[in-house]
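Here is the structure we will look at.
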Amino acid sequence: MSEHEFMITMQDVNKWYGDFHVLKDVNLNIKKGEKLVICGPSGSGKSTTIRCLNHLEKFQEGKISINGTDLIEDVKVVRHIRSQVGMVFQHFNLFPHLSVLENLLLAPTWVHNKPRKEAIETAMYYLERVKIADQAHKYPNQLSGGQQQRVAIARCLCINPEIMLFDEPTSALDPEMVSEVLEVMVELAEEGITMICVTHEMGFAKKVADRVIFMDAGQIIEENEPHEFFDNPQSDRLKLFLDQILSH
Amino acid sequence: MATYTMKEAKPAPSTSKGLLFWLRENLFSDIKNSLLTLVGLYFLYTIIPPLLNWMIFDATWSGTKDEVVKEGARWIFIVEKFDQFIYGFYPESLHWRPNLVALICIAFLLSMKFVKNINIKIALILLFPVVCFVLISGGGFGLEVVETEKWGGLMLTVLVAAVGIIASFPIGIILALGRQSHMPIVKTLCVGFIEFVRGVPLITILFMASVVLPLFFSDGIDFDKLLRALIGITLFQAAYIAEVVRGGLQAIPRGQYEASESLGLSYWQGMILVILPQALKISIPNLVGSFISLFKDTTLVLIIGLFDILAMVTLTNSDTNWLGYEVEGYVFVTMIYWVICFTMSQYSKSIERKFNTEH
Ligand SMILES: Nc1ncnc2c1ncn2[C@@H]1O[C@H](COP(=O)(O)OP(=O)(O)O)[C@@H](O)[C@H]1O
Ligand SMILES: [Mg+2]
């Protein structure tokens, strides 16, 4: 398969924070429409990996290309790439001074120059999809964590991205709200968007992932199809890790 | 195993409410507290009645100065000199112009509250200072020119403070952003400016503005004294605004920057649409505090020869027809300053409360 047929390619990506080597020769090819789950212990570089993909973090060595565009330090290129990549954060990061609807309108109207009326229609459509249209005029901190995270997902969808990145989208949520967010993510996965999700939700991984990757100390240690990954881990480190997340 | 039924909420016991309860709880809760309350009441008793007598009941409000028989304040001095306190030497026949400007200011503030259309708002914001300036200084639309030397009194005080506050605001924000910049030159310049200005008293800046600024301009240009003071005050205030805004910026979580970047907003879009609205909002109390200090500090312009309200009082006190009226004059200025500063601080509290309830 030639390089162009991948939605995302990472080639020998290396990154350092000062002297600390966070990412070590990360190689990753992701096809259009593929769902990838990344797991691994805290501090292993999962967030750093996906944050490199939309240039929230810079990397020093290697090559990343997104949908055929090489990610280089150039304002236009970065803008172009960000317009194709949506990112959902652990702590939602909604804009607290704007209503839910205004949160969703910001990027379409200012970055993508959509007429406001059209942007509102799109926004309401996606709020409908994440089942929260009735809250459109509330402010983020009037919503529960689960609702806020669904708004954050809708906010990304409004820019009509090719790729969605999720960085532990459910780990800041109260347990009873996890499923409402996962449900939305499953529906999204079924639609064929390319998705990379850092999560330890094994049920979600088994249900939607095409591939699961295990990272430790800045490296990809193991990758497999989800059932094999969880039921038949190969490396000792993954076995240990799975024991740990299953034991509580 | 046990199950429990849900309980209804009931009202708090009546012994924890009411005026008597409040008095007991706050003024006479124990011996020490009661004693302090009594001492405080006695203190007020010795101060308030004589003060009220002097200011109101024994005061002379009208008539000529030779008819004064009462012991209290002779406010006739204020009445007589009122126009000078308010307008300085601004020609009497043209007082309607500053008056009109005052009305326009009120109309402008109201329109900012009620006009929703952003384009009209921007047009008003741009038009407002021009209209005010033309009205006060004249020299266009058939308005007679009034030189800045004639501007004075409360009008000048308010004008200096307003220009200082409004003009320093954008400069202060730019300085605060520059201070956070990753570009070393920009950062060094901003830090250098802020730390220099904050390290010297306003009065030195004013002297520098009145003496040093003209050196930078080719001779022959007679640099307006008021303009020099305004530039000095604006630069001074900008450094303080920058520090206040920096405090606000630091309180914004990193996630806000990341979210706005990941949505594709540019640096300036992110700043203007996402970061600054939040940072300025939490800075409001400190900003208003800084505005209030500036308002009080404007009175230093009298040292470089401008006649603000305090200078006007001092000046009228040396009128040989009205010797010995200092107390009335200074009490009057004090009250003017206090009323304006107190209003500003109450207004800021009301905005804060509004923000706190509406998120
Ligand atoms: N801005 C930073 N400066 C220095 N070290 C960092 C920074 N961000 C993350 N790190 C370090 O990099 C490592 C990987 O972090 P991260 O990618 O967030 O891990 P994960 O998401 O897998 O928990 C951690 O050890 C973390 O302490
Ligand atoms: Mg992480």
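Convention: chains lettered A, B, ... in structure tokens order; per-chain residue numbering from 1; ligands numbered from 1 as shown.
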
Environment of ligand 2 within 7 Å, counting only C-alpha atoms and all ligand atoms, reported as a list in words =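 For ligand 2, the residues inside 7 Å are Ser42, Gly43, Lys46, Ser47, Asp167 and Glu168 of chain A.
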
With all heavy atoms retained, export the selected residues as a compact mmCIF listing (two decimals), in the first residue's frame.
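Wrote part.txt, looks like this:
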# COMPACT_ATOMS: atom_id res chain seq x y z
N SER A 42 0.30 5.59 32.64
CA SER A 42 0.38 7.05 32.68
C SER A 42 1.82 7.51 32.46
O SER A 42 2.75 6.91 32.99
CB SER A 42 -0.13 7.51 34.04
OG SER A 42 0.15 8.85 34.22
N GLY A 43 1.98 8.52 31.65
CA GLY A 43 3.33 9.04 31.39
C GLY A 43 4.05 8.32 30.26
O GLY A 43 5.21 8.59 29.99
N LYS A 46 1.24 8.69 25.46
CA LYS A 46 0.05 8.56 24.62
C LYS A 46 -0.47 9.92 24.19
O LYS A 46 -0.70 10.18 23.01
CB LYS A 46 -1.07 7.81 25.38
CG LYS A 46 -0.63 6.49 25.98
CD LYS A 46 -1.74 5.83 26.78
CE LYS A 46 -2.21 6.63 27.99
NZ LYS A 46 -1.23 6.75 29.07
N SER A 47 -0.64 10.81 25.18
CA SER A 47 -1.14 12.15 24.85
C SER A 47 -0.18 12.85 23.91
O SER A 47 -0.59 13.45 22.92
CB SER A 47 -1.30 13.00 26.10
OG SER A 47 -2.19 12.40 26.99
N ASP A 167 -8.46 12.19 23.69
CA ASP A 167 -7.46 11.96 24.73
C ASP A 167 -8.14 11.67 26.06
O ASP A 167 -8.54 12.57 26.78
CB ASP A 167 -6.53 13.18 24.86
CG ASP A 167 -5.30 12.86 25.69
OD1 ASP A 167 -5.21 11.73 26.20
OD2 ASP A 167 -4.43 13.74 25.81
N GLU A 168 -8.28 10.41 26.37
CA GLU A 168 -8.95 9.95 27.60
C GLU A 168 -10.26 10.70 27.83
O GLU A 168 -10.43 11.36 28.86
CB GLU A 168 -8.03 10.13 28.80
CG GLU A 168 -6.67 9.48 28.58
CD GLU A 168 -5.99 9.09 29.88
OE1 GLU A 168 -6.70 8.82 30.87
OE2 GLU A 168 -4.75 9.06 29.90

request  = Identify, counting only C-alpha atoms and all ligand atoms, the protein, DNA and RNA residues located within 10 Å of ligand 1, and give them as a VMD selection string.
outcome  = chain A and resid 15 to 23 38 to 52 57 167 to 168 198 to 199 215 to 218

Got time to write the residues from that selection, C-alpha atoms, as a compact mmCIF listing (two decimals), in the first residue's frame?
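The file below, result_27.txt, is the result:
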# COMPACT_ATOMS: atom_id res chain seq x y z
CA LYS A 15 10.49 13.95 20.63
CA TRP A 16 12.31 15.30 23.64
CA TYR A 17 11.24 17.57 26.48
CA GLY A 18 14.62 19.08 27.23
CA ASP A 19 16.75 15.99 27.83
CA PHE A 20 13.78 13.74 28.42
CA HIS A 21 13.14 11.43 25.46
CA VAL A 22 9.32 11.19 25.38
CA LEU A 23 8.72 9.58 21.99
CA ILE A 38 -4.02 3.56 22.30
CA CYS A 39 -3.49 2.43 25.84
CA GLY A 40 -0.58 2.29 28.22
CA PRO A 41 0.52 3.40 31.65
CA SER A 42 0.38 7.05 32.68
CA GLY A 43 3.33 9.04 31.39
CA SER A 44 4.03 6.63 28.54
CA GLY A 45 3.57 9.30 25.86
CA LYS A 46 0.05 8.56 24.62
CA SER A 47 -1.14 12.15 24.85
CA THR A 48 2.09 13.43 23.39
CA THR A 49 1.71 11.12 20.41
CA ILE A 50 -1.75 12.29 19.45
CA ARG A 51 -1.00 15.91 20.29
CA CYS A 52 1.81 15.80 17.74
CA GLU A 57 3.26 19.56 20.37
CA ASP A 167 -7.46 11.96 24.73
CA GLU A 168 -8.95 9.95 27.60
CA VAL A 198 -6.53 7.10 24.02
CA THR A 199 -8.63 5.18 26.50
CA MET A 215 2.64 2.25 24.54
CA ASP A 216 5.19 2.27 27.31
CA ALA A 217 8.05 4.66 27.97
CA GLY A 218 7.55 6.49 24.69

inquiry  = Can you work out which residues from chain B touch chain A at a cut-off of 7 Å (counting only C-alpha atoms) and hand them back as a list in words?
reply    =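 Result, ordered by chain then number: Gly255, Gln256, Glu258, Ala259, Ser262, Leu263, Gly264, Leu265, Val274, Gln278 and His359 of chain B.
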
Shell around Ala162 in chain B at 12 Å using only C-alpha atoms, local window under 4 positions removed, as a list of chain:residue names = B:Cys105, B:Pro129, B:Cys132, B:Leu154, B:Met155, B:Leu156, B:Thr157, B:Val158, B:Ile166, B:Ala167, B:Ser168, B:Phe169, B:Leu230, B:Ile233, B:Thr234, B:Gln237, B:Phe291, B:Ile292, B:Leu294, B:Phe295, B:Lys296, B:Thr298

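The shortest atom-to-atom distance to Pro285 in chain B, with only C-alpha atoms taken into account, belongs to B:Val245 out of B:Ala239, B:Leu52, B:Ile118, B:Val245.
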
message = Taking only range 43-191 of chain A into account, list the residues labelled alpha helix (DSSP H) by DSSP (computed from the backbone), as a ChimeraX atom specification.
response = /A:46-53,75-82,100-110,116-129,145-157,175-190
